[in-house]
$ cat entry_30.txt   # compact mmCIF, C-alpha atoms and all ligand atoms
# COMPACT_ATOMS: atom_id res chain seq x y z
CA MET J 1 -29.16 -23.55 36.23
CA PRO J 2 -27.44 -20.29 35.25
CA LYS J 3 -28.32 -19.01 31.81
CA VAL J 4 -26.05 -17.75 29.05
CA TYR J 5 -27.35 -15.89 26.04
CA VAL J 6 -25.26 -16.34 22.89
CA THR J 7 -25.87 -13.71 20.24
CA ARG J 8 -25.10 -15.92 17.22
CA ASP J 9 -24.93 -19.60 16.40
CA ILE J 10 -21.21 -20.03 17.09
CA TYR J 11 -19.12 -23.16 16.74
CA PRO J 12 -20.62 -26.41 18.16
CA GLU J 13 -17.52 -27.16 20.23
CA ALA J 14 -18.10 -23.90 22.12
CA LEU J 15 -21.83 -24.43 22.59
CA GLU J 16 -21.01 -27.91 23.88
CA ILE J 17 -18.79 -26.41 26.60
CA LEU J 18 -21.57 -24.03 27.62
CA ARG J 19 -24.26 -26.73 27.60
CA ARG J 20 -22.35 -28.86 30.10
CA GLY J 21 -23.51 -26.78 33.03
CA LEU J 22 -25.60 -23.91 31.74
CA GLU J 23 -28.92 -23.22 30.16
CA VAL J 24 -27.96 -21.94 26.72
CA ALA J 25 -30.10 -19.75 24.50
CA VAL J 26 -28.81 -18.82 21.05
CA TRP J 27 -29.83 -16.33 18.38
CA ASP J 28 -29.54 -18.81 15.54
CA GLU J 29 -30.34 -16.72 12.48
CA ASP J 30 -27.37 -15.96 10.25
CA ARG J 31 -27.62 -12.19 10.65
CA ALA J 32 -26.89 -9.85 13.51
CA ILE J 33 -29.50 -10.05 16.23
CA PRO J 34 -31.92 -7.08 16.09
CA ARG J 35 -31.36 -4.73 19.00
CA ASP J 36 -34.89 -5.05 20.43
CA VAL J 37 -34.68 -8.84 20.42
CA LEU J 38 -31.26 -8.71 22.07
CA LEU J 39 -32.42 -6.40 24.83
CA ARG J 40 -35.39 -8.66 25.49
CA GLU J 41 -33.44 -11.92 25.43
CA ILE J 42 -30.69 -10.88 27.84
CA GLY J 43 -33.22 -9.95 30.55
CA ASP J 44 -32.68 -13.09 32.64
CA ALA J 45 -29.16 -14.01 31.50
CA ASP J 46 -26.29 -14.58 33.94
CA ALA J 47 -23.81 -14.24 31.08
CA VAL J 48 -23.88 -12.94 27.53
CA LEU J 49 -21.55 -14.17 24.79
CA THR J 50 -21.36 -11.37 22.23
CA LEU J 51 -19.87 -10.68 18.83
CA LEU J 52 -18.34 -7.40 17.70
CA THR J 53 -21.64 -6.55 16.02
CA GLU J 54 -23.35 -6.06 19.41
CA LYS J 55 -23.08 -2.71 21.12
CA VAL J 56 -22.63 -3.29 24.83
CA ASP J 57 -23.49 0.07 26.36
CA GLN J 58 -25.37 1.39 29.36
CA GLU J 59 -28.71 0.51 27.75
CA PHE J 60 -27.53 -3.08 27.22
CA LEU J 61 -26.38 -3.32 30.84
CA ASP J 62 -29.68 -1.90 32.09
CA HIS J 63 -31.46 -4.73 30.30
CA THR J 64 -29.36 -7.51 31.80
CA PRO J 65 -29.38 -6.89 35.55
CA LYS J 66 -28.07 -10.36 36.49
CA ALA J 67 -25.21 -10.60 33.99
CA LYS J 68 -21.80 -11.23 35.54
CA ILE J 69 -19.84 -11.45 32.31
CA VAL J 70 -19.90 -10.21 28.74
CA ALA J 71 -17.62 -12.53 26.76
CA ASN J 72 -16.77 -10.98 23.41
CA MET J 73 -15.78 -13.40 20.67
CA ALA J 74 -13.18 -11.00 19.26
CA VAL J 75 -9.86 -9.58 20.33
CA GLY J 76 -11.14 -6.04 19.72
CA PHE J 77 -13.70 -4.73 22.18
CA ASP J 78 -14.48 -1.25 20.91
CA ASN J 79 -18.11 -2.41 20.75
CA ILE J 80 -18.12 -2.54 24.55
CA ASP J 81 -18.30 0.33 27.02
CA VAL J 82 -15.79 -1.24 29.38
CA PRO J 83 -15.93 1.48 32.09
CA ALA J 84 -19.72 1.07 32.23
CA CYS J 85 -19.29 -2.71 32.65
CA THR J 86 -16.65 -2.19 35.33
CA ARG J 87 -18.93 0.17 37.25
CA ARG J 88 -21.59 -2.54 37.21
CA LYS J 89 -18.97 -5.18 38.16
CA VAL J 90 -19.57 -7.05 34.92
CA VAL J 91 -16.44 -8.86 33.75
CA VAL J 92 -15.53 -8.26 30.11
CA THR J 93 -13.40 -10.81 28.27
CA ASN J 94 -11.99 -10.90 24.73
CA THR J 95 -10.11 -13.49 22.67
CA PRO J 96 -6.49 -12.39 22.31
CA GLY J 97 -3.70 -14.72 21.26
CA VAL J 98 -5.69 -17.32 19.38
CA LEU J 99 -6.17 -15.23 16.23
CA THR J 100 -2.82 -13.47 15.98
CA GLU J 101 -1.17 -15.40 13.16
CA THR J 102 -4.36 -15.99 11.22
CA THR J 103 -5.07 -12.26 11.18
CA ALA J 104 -1.51 -11.43 10.12
CA ASP J 105 -1.74 -14.04 7.35
CA PHE J 106 -4.77 -12.28 5.99
CA ALA J 107 -3.32 -8.79 6.30
CA PHE J 108 -0.36 -10.02 4.29
CA ALA J 109 -2.73 -11.55 1.73
CA LEU J 110 -4.40 -8.15 1.34
CA LEU J 111 -0.99 -6.53 0.91
CA MET J 112 -0.05 -8.98 -1.82
CA ALA J 113 -3.44 -8.81 -3.48
CA VAL J 114 -3.46 -5.06 -3.83
CA ALA J 115 0.20 -4.68 -4.84
CA ARG J 116 -0.12 -7.29 -7.58
CA PHE J 117 -3.68 -6.71 -8.83
CA VAL J 118 -4.81 -10.22 -7.90
CA VAL J 119 -8.49 -9.30 -7.63
CA PRO J 120 -8.84 -7.28 -10.86
CA GLY J 121 -6.74 -9.97 -12.58
CA VAL J 122 -9.24 -12.64 -11.61
CA GLY J 123 -12.14 -10.43 -12.73
CA TYR J 124 -10.42 -9.80 -16.07
CA VAL J 125 -10.11 -13.50 -16.78
CA ARG J 126 -13.65 -14.23 -15.61
CA ASP J 127 -15.01 -11.49 -17.83
CA GLY J 128 -13.37 -13.08 -20.88
CA LYS J 129 -11.14 -10.03 -21.44
CA TRP J 130 -7.84 -11.93 -21.54
CA GLU J 131 -6.74 -12.01 -25.16
CA SER J 132 -2.96 -12.11 -25.05
CA TRP J 133 0.03 -11.78 -22.76
CA SER J 134 0.93 -8.15 -22.41
CA PRO J 135 4.01 -6.47 -20.98
CA SER J 136 1.83 -3.79 -19.42
CA LEU J 137 -1.12 -5.79 -18.11
CA PHE J 138 -1.78 -5.32 -14.37
CA VAL J 139 1.71 -4.18 -13.58
CA GLY J 140 2.00 -3.79 -9.83
CA ARG J 141 4.88 -3.15 -7.45
CA ASP J 142 7.37 -5.40 -5.74
CA ILE J 143 6.74 -6.64 -2.24
CA HIS J 144 10.16 -8.20 -1.67
CA HIS J 145 12.81 -5.74 -0.46
CA ALA J 146 10.20 -3.00 -0.02
CA THR J 147 9.84 -1.15 3.29
CA LEU J 148 7.00 -2.37 5.48
CA GLY J 149 5.76 0.26 7.93
CA ILE J 150 3.90 -1.31 10.83
CA VAL J 151 1.67 0.97 12.86
CA GLY J 152 1.07 -0.83 16.14
CA LEU J 153 3.61 -3.48 17.13
CA GLY J 154 1.34 -5.61 19.27
CA ARG J 155 0.86 -9.32 18.77
CA ILE J 156 -0.55 -9.04 15.25
CA GLY J 157 1.89 -6.29 14.22
CA GLN J 158 4.80 -8.48 15.29
CA GLU J 159 3.51 -11.40 13.23
CA MET J 160 3.16 -9.05 10.27
CA ALA J 161 6.80 -8.01 10.73
CA LYS J 162 7.89 -11.66 10.65
CA ARG J 163 5.95 -12.22 7.46
CA GLY J 164 7.54 -9.14 5.95
CA ARG J 165 10.99 -10.42 6.88
CA GLY J 166 10.16 -13.65 5.06
CA PHE J 167 9.86 -11.50 1.95
CA ASP J 168 13.14 -9.68 2.66
CA MET J 169 11.28 -6.51 3.53
CA GLU J 170 12.82 -3.79 5.66
CA ILE J 171 10.74 -3.45 8.81
CA VAL J 172 10.03 -0.09 10.39
CA TYR J 173 7.42 0.31 13.10
CA TYR J 174 5.67 2.93 15.15
CA ASP J 175 4.01 2.19 18.47
CA VAL J 176 3.29 4.19 21.58
CA TYR J 177 5.46 1.61 23.35
CA ARG J 178 8.98 1.38 22.00
CA ARG J 179 10.18 -2.25 21.83
CA GLU J 180 13.96 -2.07 21.91
CA ASP J 181 14.08 -5.78 22.80
CA LEU J 182 12.38 -6.67 19.53
CA GLU J 183 14.46 -4.14 17.60
CA GLN J 184 17.63 -5.83 18.82
CA GLN J 185 16.32 -9.35 18.43
CA HIS J 186 14.94 -8.96 14.90
CA GLY J 187 16.57 -5.87 13.40
CA TRP J 188 13.25 -4.02 13.24
CA ARG J 189 13.55 -0.24 13.34
CA TYR J 190 11.49 2.29 15.29
CA ALA J 191 10.31 5.53 13.65
CA GLU J 192 7.97 8.32 14.61
CA LEU J 193 4.65 7.92 12.84
CA ASP J 194 5.25 10.85 10.46
CA ASP J 195 8.64 9.47 9.46
CA LEU J 196 7.21 6.01 8.94
CA LEU J 197 4.51 7.44 6.67
CA VAL J 198 7.12 9.20 4.56
CA GLU J 199 9.36 6.17 4.29
CA ALA J 200 7.16 3.10 3.96
CA ASP J 201 6.17 1.42 0.71
CA PHE J 202 3.47 -0.44 2.60
CA VAL J 203 1.78 0.92 5.71
CA THR J 204 -0.09 -1.70 7.70
CA VAL J 205 -2.35 -0.83 10.60
CA HIS J 206 -2.45 -3.00 13.74
CA VAL J 207 -3.60 -0.66 16.49
CA ASP J 208 -6.83 -0.94 18.40
CA LEU J 209 -9.62 1.56 17.93
CA ASN J 210 -9.70 4.23 20.61
CA ASP J 211 -10.01 8.01 20.84
CA HIS J 212 -6.37 8.43 19.74
CA THR J 213 -6.57 6.14 16.72
CA ARG J 214 -9.99 7.11 15.35
CA LYS J 215 -9.36 8.68 11.91
CA LEU J 216 -5.61 8.37 12.46
CA PHE J 217 -5.47 7.99 8.71
CA SER J 218 -7.04 10.90 6.92
CA THR J 219 -6.07 13.43 4.23
CA GLU J 220 -3.06 14.70 6.18
CA ALA J 221 -1.58 11.22 6.63
CA PHE J 222 -2.17 10.34 2.98
CA ARG J 223 -0.31 13.52 1.93
CA LYS J 224 2.73 12.38 3.89
CA MET J 225 2.74 8.90 2.35
CA LYS J 226 4.54 8.09 -0.88
CA LYS J 227 2.39 8.41 -3.96
CA THR J 228 3.18 4.76 -4.63
CA ALA J 229 2.49 3.53 -1.08
CA TYR J 230 -0.16 1.02 -0.13
CA LEU J 231 -2.26 1.14 3.02
CA ILE J 232 -3.44 -2.09 4.66
CA ASN J 233 -6.05 -2.25 7.42
CA ALA J 234 -7.16 -5.44 9.13
CA ALA J 235 -7.70 -3.69 12.49
CA ARG J 236 -10.82 -1.51 12.75
CA GLY J 237 -12.57 0.54 10.07
CA PRO J 238 -12.87 3.90 11.86
CA ILE J 239 -9.05 4.16 12.10
CA ILE J 240 -9.23 5.25 8.46
CA ASP J 241 -11.42 8.04 7.11
CA LEU J 242 -12.90 6.05 4.24
CA ASP J 243 -14.06 8.97 2.12
CA ALA J 244 -10.67 10.68 2.47
CA LEU J 245 -9.05 7.39 1.48
CA TYR J 246 -11.23 7.17 -1.60
CA GLN J 247 -10.15 10.69 -2.61
CA ALA J 248 -6.49 9.84 -1.98
CA LEU J 249 -6.70 6.71 -4.11
CA LYS J 250 -8.59 8.41 -6.89
CA SER J 251 -6.30 11.41 -7.06
CA GLY J 252 -3.14 9.30 -6.90
CA GLU J 253 -2.09 10.66 -3.51
CA ILE J 254 -1.33 7.05 -2.51
CA GLY J 255 -0.94 3.90 -4.56
CA GLY J 256 -3.54 1.50 -3.22
CA ALA J 257 -5.36 0.07 -0.23
CA GLY J 258 -6.24 -3.34 1.12
CA LEU J 259 -9.02 -3.22 3.67
CA ASP J 260 -10.61 -5.97 5.71
CA VAL J 261 -12.52 -3.45 7.79
CA THR J 262 -14.44 -0.31 6.87
CA ASP J 263 -16.47 2.43 8.47
CA PRO J 264 -19.33 1.75 8.32
CA GLU J 265 -19.61 -2.02 8.24
CA PRO J 266 -20.94 -3.31 6.02
CA ILE J 267 -19.67 -0.79 3.49
CA PRO J 268 -22.56 0.30 1.22
CA ALA J 269 -22.38 -1.72 -2.01
CA ASP J 270 -22.44 1.52 -4.02
CA HIS J 271 -19.45 3.08 -2.27
CA PRO J 272 -17.20 4.33 -5.11
CA ILE J 273 -14.06 2.84 -3.51
CA LEU J 274 -15.36 -0.57 -4.51
CA GLN J 275 -14.98 0.36 -8.17
CA LEU J 276 -11.29 1.20 -7.90
CA GLU J 277 -8.75 -1.29 -9.24
CA ASN J 278 -6.24 -0.21 -6.62
CA ALA J 279 -8.49 -1.05 -3.68
CA VAL J 280 -9.28 -4.48 -2.30
CA VAL J 281 -12.09 -4.55 0.25
CA CYS J 282 -13.04 -7.68 2.20
CA PRO J 283 -15.91 -8.26 4.67
CA HIS J 284 -14.02 -8.35 8.01
CA ILE J 285 -12.74 -11.90 7.66
CA ALA J 286 -9.09 -11.67 8.73
CA SER J 287 -9.52 -14.12 11.62
CA ALA J 288 -11.79 -16.39 9.60
CA SER J 289 -10.03 -19.72 9.44
CA LEU J 290 -11.96 -22.68 10.75
CA GLN J 291 -9.28 -23.44 13.33
CA THR J 292 -9.07 -19.89 14.62
CA ARG J 293 -12.77 -19.10 14.70
CA THR J 294 -13.29 -22.35 16.61
CA LYS J 295 -10.59 -21.38 19.10
CA MET J 296 -12.10 -17.92 19.54
CA ALA J 297 -15.54 -19.38 20.27
CA ILE J 298 -14.10 -21.94 22.70
CA LEU J 299 -12.10 -19.28 24.56
CA ALA J 300 -15.19 -17.08 24.88
CA ALA J 301 -17.20 -20.05 26.16
CA GLU J 302 -14.49 -21.02 28.66
CA ASN J 303 -14.45 -17.46 29.96
CA VAL J 304 -18.21 -17.61 30.56
CA VAL J 305 -17.96 -20.93 32.39
CA ALA J 306 -15.06 -19.71 34.53
CA VAL J 307 -16.82 -16.55 35.69
CA LEU J 308 -20.11 -18.30 36.44
CA ARG J 309 -18.19 -20.88 38.48
CA GLY J 310 -16.44 -18.16 40.43
CA ASP J 311 -13.07 -18.90 38.77
CA ARG J 312 -10.77 -16.45 37.01
CA PRO J 313 -11.39 -16.22 33.26
CA LYS J 314 -8.36 -16.62 31.00
CA THR J 315 -8.55 -13.29 29.19
CA PRO J 316 -10.24 -10.54 31.20
CA VAL J 317 -10.24 -7.00 29.83
CA ASN J 318 -11.17 -5.40 33.15
CA PRO J 319 -9.42 -7.64 35.74
CA GLU J 320 -10.06 -5.00 38.39
CA VAL J 321 -13.63 -6.36 38.63
CA LEU J 322 -12.23 -9.75 39.62
CA ASP J 323 -9.81 -8.28 42.11
CA SER J 324 -12.32 -6.04 43.85
C1 LIG J 401 -11.99 -9.22 14.96
O1 LIG J 401 -12.06 -8.21 14.32
C2 LIG J 401 -11.54 -9.28 16.29
O2 LIG J 401 -11.37 -8.24 16.93
O3 LIG J 401 -11.34 -10.39 16.79
$ encode --input "entry_30.txt" --output "structure tokens"
Amino acid sequence: MPKVYVTRDIYPEALEILRRGLEVAVWDEDRAIPRDVLLREIGDADAVLTLLTEKVDQEFLDHTPKAKIVANMAVGFDNIDVPACTRRKVVVTNTPGVLTETTADFAFALLMAVARFVVPGVGYVRDGKWESWSPSLFVGRDIHHATLGIVGLGRIGQEMAKRGRGFDMEIVYYDVYRREDLEQQHGWRYAELDDLLVEADFVTVHVDLNDHTRKLFSTEAFRKMKKTAYLINAARGPIIDLDALYQALKSGEIGGAGLDVTDPEPIPADHPILQLENAVVCPHIASASLQTRTKMAILAAENVVAVLRGDRPKTPVNPEVLDS
């Protein structure tokens, strides 16, 4: 029976799918699998189901000579050296589509939380500091009718735009691909990135991490943004230079930030950004609804089963391996 190694105890529905025809081994501790254990365990695997915490590089591939597929349970796959997998004819799959709205929901929650001081407000009440109503207590900025600048108008960016429209926001976007169809259909407006940064009250990041987007947001970008603007990131941490962001927030160069992702992850608990009232930092949970995480795990499992059966997986990242 072919063997799949699963690098974390994922949802039972997904393991059930795998167990129907495969020998399944699972790292079942609730922490990322140590690298040495991973490299040992994948030695005889025909497939590996990974999380974004696992680095799939040449060393990984050298330790799993039989593997036909690496199925990542994430839409992002910056943890995977895809060209190296393609050279070895290992199919890589991700989980697009199933987490789009859930991720946009959370990005919007971050936007609202930071603009309206939800998190410090809760802390204030918990700490017993709330003595009376005050006209100047935790005074944030309006979300409705503000300009939402979307950097990256892919699936998640588009859902973010729809949410913004629900709040009567003006939508301006930047993407390497201009989407005139969506502009016409929804009244969204295209702008060059620099113009978007100057104009937006909220800048929300929905690009993938690659050589062009690494540190896309650093001191220079923060200087262009409004002093009152908020930056939201539920994409990947390294798109923002975290230390530069801290300086920008502290010096008042920008108004606030809502982050679901950081560089590094986890962010050290003593990072000074965590002490700022105008920053909300969450532990990479934007896709974390029970329904969505279950769907992601099931899709990853179905991709494994398809490839080991010789069928086409639903969501290949390097389809050229299948076509060759
Ligand atoms: C989560 O960050 C994902 O890429 O799915």
$ residues_near_ligand --input "entry_30.txt" --ligand "ligand LIG 401 (chain J)" --cutoff "12 Å" --atoms "all atoms listed in the file" --output "PDB file with C-alpha atoms, keeping the file's coordinate frame"
ATOM      1  CA  THR J  50     -21.360 -11.370  22.230  1.00  0.00           C
ATOM      2  CA  LEU J  51     -19.870 -10.680  18.830  1.00  0.00           C
ATOM      3  CA  LEU J  52     -18.340  -7.400  17.700  1.00  0.00           C
ATOM      4  CA  THR J  53     -21.640  -6.550  16.020  1.00  0.00           C
ATOM      5  CA  ALA J  71     -17.620 -12.530  26.760  1.00  0.00           C
ATOM      6  CA  ASN J  72     -16.770 -10.980  23.410  1.00  0.00           C
ATOM      7  CA  MET J  73     -15.780 -13.400  20.670  1.00  0.00           C
ATOM      8  CA  ALA J  74     -13.180 -11.000  19.260  1.00  0.00           C
ATOM      9  CA  VAL J  75      -9.860  -9.580  20.330  1.00  0.00           C
ATOM     10  CA  GLY J  76     -11.140  -6.040  19.720  1.00  0.00           C
ATOM     11  CA  PHE J  77     -13.700  -4.730  22.180  1.00  0.00           C
ATOM     12  CA  ASP J  78     -14.480  -1.250  20.910  1.00  0.00           C
ATOM     13  CA  ASN J  79     -18.110  -2.410  20.750  1.00  0.00           C
ATOM     14  CA  ILE J  80     -18.120  -2.540  24.550  1.00  0.00           C
ATOM     15  CA  THR J  93     -13.400 -10.810  28.270  1.00  0.00           C
ATOM     16  CA  ASN J  94     -11.990 -10.900  24.730  1.00  0.00           C
ATOM     17  CA  THR J  95     -10.110 -13.490  22.670  1.00  0.00           C
ATOM     18  CA  PRO J  96      -6.490 -12.390  22.310  1.00  0.00           C
ATOM     19  CA  GLY J  97      -3.700 -14.720  21.260  1.00  0.00           C
ATOM     20  CA  VAL J  98      -5.690 -17.320  19.380  1.00  0.00           C
ATOM     21  CA  LEU J  99      -6.170 -15.230  16.230  1.00  0.00           C
ATOM     22  CA  THR J 100      -2.820 -13.470  15.980  1.00  0.00           C
ATOM     23  CA  GLU J 101      -1.170 -15.400  13.160  1.00  0.00           C
ATOM     24  CA  THR J 102      -4.360 -15.990  11.220  1.00  0.00           C
ATOM     25  CA  THR J 103      -5.070 -12.260  11.180  1.00  0.00           C
ATOM     26  CA  ALA J 104      -1.510 -11.430  10.120  1.00  0.00           C
ATOM     27  CA  PHE J 106      -4.770 -12.280   5.990  1.00  0.00           C
ATOM     28  CA  ALA J 107      -3.320  -8.790   6.300  1.00  0.00           C
ATOM     29  CA  ILE J 156      -0.550  -9.040  15.250  1.00  0.00           C
ATOM     30  CA  HIS J 206      -2.450  -3.000  13.740  1.00  0.00           C
ATOM     31  CA  VAL J 207      -3.600  -0.660  16.490  1.00  0.00           C
ATOM     32  CA  ASP J 208      -6.830  -0.940  18.400  1.00  0.00           C
ATOM     33  CA  LEU J 209      -9.620   1.560  17.930  1.00  0.00           C
ATOM     34  CA  ASN J 233      -6.050  -2.250   7.420  1.00  0.00           C
ATOM     35  CA  ALA J 234      -7.160  -5.440   9.130  1.00  0.00           C
ATOM     36  CA  ALA J 235      -7.700  -3.690  12.490  1.00  0.00           C
ATOM     37  CA  ARG J 236     -10.820  -1.510  12.750  1.00  0.00           C
ATOM     38  CA  GLY J 237     -12.570   0.540  10.070  1.00  0.00           C
ATOM     39  CA  ASP J 260     -10.610  -5.970   5.710  1.00  0.00           C
ATOM     40  CA  VAL J 261     -12.520  -3.450   7.790  1.00  0.00           C
ATOM     41  CA  THR J 262     -14.440  -0.310   6.870  1.00  0.00           C
ATOM     42  CA  GLU J 265     -19.610  -2.020   8.240  1.00  0.00           C
ATOM     43  CA  PRO J 283     -15.910  -8.260   4.670  1.00  0.00           C
ATOM     44  CA  HIS J 284     -14.020  -8.350   8.010  1.00  0.00           C
ATOM     45  CA  ILE J 285     -12.740 -11.900   7.660  1.00  0.00           C
ATOM     46  CA  ALA J 286      -9.090 -11.670   8.730  1.00  0.00           C
ATOM     47  CA  SER J 287      -9.520 -14.120  11.620  1.00  0.00           C
ATOM     48  CA  ALA J 288     -11.790 -16.390   9.600  1.00  0.00           C
ATOM     49  CA  SER J 289     -10.030 -19.720   9.440  1.00  0.00           C
ATOM     50  CA  THR J 292      -9.070 -19.890  14.620  1.00  0.00           C
ATOM     51  CA  ARG J 293     -12.770 -19.100  14.700  1.00  0.00           C
ATOM     52  CA  LYS J 295     -10.590 -21.380  19.100  1.00  0.00           C
ATOM     53  CA  MET J 296     -12.100 -17.920  19.540  1.00  0.00           C
ATOM     54  CA  ALA J 297     -15.540 -19.380  20.270  1.00  0.00           C
ATOM     55  CA  LEU J 299     -12.100 -19.280  24.560  1.00  0.00           C
ATOM     56  CA  ALA J 300     -15.190 -17.080  24.880  1.00  0.00           C
TER      57      ALA J 300
END
$ atom_distance --input "entry_30.txt" --atom1 "CA of Lys224 in chain J" --atom2 "CA of Val198 in chain J"
5.5 Å
$ residues_around --input "entry_30.txt" --residues "Ile33 in chain J" --least-positions-apart "6" --cutoff "9 Å" --atoms "only C-alpha atoms" --output "JSON, numbers by chain"
{"J": [7, 8, 27, 53, 54]}
